[in-house]
Each structure stands twice: as C-alpha cells, then as structure tokens.
Amino acid sequence: MKILIVDDSSTMRRIIGNVVMQLGFSKDDFDEAEDGVKAWKLLSESAYDIILTDWNMPNMNGLELVKKVRSEGNHKKIPIIMITTEGGKSEVITALKAGVNNYIVKPFSAEILKEKLDGVLN
C-alpha cells in the first residue's frame with residue numbers, strides 16, 4: 001500500500017508518518033509533499049492507494065488538490081482523507097462536496113487516524 005502525505009508542516013508530516021508506521025506500515029510505504037503542487041507531481045509519477053492532505057498550504061492548498069485529483073488523470077478513485085485545523089461544519093461540507101472521503105480535525109490521535117483509514121480502505 002502506498003500513501004501520500006501532504007502537509008506544509010514538516011513536523012505534521014513526521015507525526016502523520018509516525019502514526020502510519022504505528023499502524024504497521026513502513027517508511028517505504030509513504031511519500032511526503034509540502035504542498036499540492038509537489039503532491040500533484042508525485043501523483044503524476046507514481047500510483048498511490050490513499051492521500052492524506054492538509055487544507056491550508058501555500059502554492060496549491062488541499063481543497064484545490066482534492067478538486068484536481070477528482071477531475072484529472074488516473075487518480076479520480078483514490079481515497080482522500082483531509083487532516084486539518086479547519087473544523088467548522090461548513091468547511092467539512094465543502095471538503096466532502098469536493099470529493100474528500102473522510103475528514104480529521106487536528107489535533108488527532110492514532111486511533112482516530114486508524115479508524116478513518118480503515119473506513120476508507122475496507
């Protein structure tokens with residue numbers, strides 16, 4: 001299984017990566033991008049089974065990335081979980097309408113991420 005972690009914070013990418021490894025994945029199972037532009041480049045070069053993305057990032061934010069993934073290329077069916085500080089009801093609805101499969105508000109626990117991953121992968 002190949003996971004793409006997209007967040008402009010290197011600390012948050014490391015935290016998410018550590019949680020993913022706690023869930024039984026290895027460092028080789030995921031790639032990281034600091035914004036949607038880099039994520040799109042990685043998506044054009046490799047196949048991924050799931051995308052974990054932040055909302056607020058420079059260059060191309062998470063919502064723009066979700067819309068691009070859902071409308072272009074071979075990635076339309078990839079499950080996407082948005083992991084963000086944007087916890088308002090309207091933001092959640094906006095993300096779901098754009099094509100996000102699940103939504104996690106920061107801060108979050110390993111149990112929450114595992115539950116959401118299981119939900120979209122099973």
# chains A, B, ... in the order shown; residues from 1 in each chain; ligands from 1
call {"tool": "select_by_dssp", "arguments": {"residues": "chain A", "states": "alpha helix (DSSP H)", "output": "VMD selection string"}}
result
chain A and resid 10 to 22 36 to 45 62 to 71 89 to 98 110 to 121
call {"tool": "select_by_dssp", "arguments": {"residues": "chain A", "states": "strand (DSSP E)", "output": "list of chain:residue names"}}
result
A:Ile3, A:Leu4, A:Ile5, A:Val6, A:Phe30, A:Asp31, A:Glu32, A:Ala33, A:Ile50, A:Ile51, A:Leu52, A:Thr53, A:Ile80, A:Ile81, A:Met82, A:Ile83, A:Thr84, A:Asn102, A:Tyr103, A:Ile104, A:Val105
call {"tool": "closest_residue", "arguments": {"among": "A:Ile80, A:Val37, A:Leu121, A:Leu63", "to": "Val100 (chain A)", "atoms": "only C-alpha atoms"}}
result
A:Ile80
call {"tool": "atom_distance", "arguments": {"atom1": "CA of Lys89 (chain A)", "atom2": "CA of Ile104 (chain A)"}}
result
12.2 Å
call {"tool": "closest_atom_pairs", "arguments": {"of": "region 69-101 of chain A", "to": "region 16-25 of chain A", "cutoff": "12 Å", "atoms": "only C-alpha atoms", "output": "tab-separated table"}}
result
residue	atom	partner	partner_atom	distance
A:Ile81	CA	A:Ile16	CA	11.9
A:Met82	CA	A:Ile16	CA	11.9
A:Ile83	CA	A:Ile16	CA	9.4
A:Thr84	CA	A:Ile16	CA	11.8
call {"tool": "closest_residue", "arguments": {"among": "A:Met12, A:Glu115, A:Asn122, A:Ser46", "to": "Glu34 (chain A)", "atoms": "only C-alpha atoms"}}
result
A:Met12
call {"tool": "atom_distance", "arguments": {"atom1": "CA of Met57 (chain A)", "atom2": "CA of Ala33 (chain A)"}}
result
10.6 Å
call {"tool": "closest_residue", "arguments": {"among": "A:Met1, A:Val6, A:Val69, A:Ile15", "to": "Ala110 (chain A)", "atoms": "only C-alpha atoms"}}
result
A:Ile15
call {"tool": "residues_around", "arguments": {"residues": "Glu45 (chain A)", "least_positions_apart": "3", "cutoff": "12 Å", "atoms": "only C-alpha atoms", "output": "JSON, numbers by chain"}}
result
{"A": [31, 38, 39, 40, 41, 42, 48, 73, 74, 75]}
call {"tool": "closest_residue", "arguments": {"among": "A:Lys2, A:Arg13, A:Lys114, A:Lys97", "to": "Leu43 (chain A)", "atoms": "only C-alpha atoms"}}
result
A:Lys2
call {"tool": "closest_residue", "arguments": {"among": "A:Thr11, A:Ser26, A:Ser109, A:Asn101", "to": "Arg70 (chain A)", "atoms": "only C-alpha atoms"}}
result
A:Asn101
call {"tool": "closest_residue", "arguments": {"among": "A:Ile112, A:Ile5, A:Leu65, A:Ala95", "to": "Ile50 (chain A)", "atoms": "only C-alpha atoms"}}
result
A:Ile5
call {"tool": "atom_distance", "arguments": {"atom1": "CA of Ile93 (chain A)", "atom2": "CA of Ile51 (chain A)"}}
result
18.5 Å
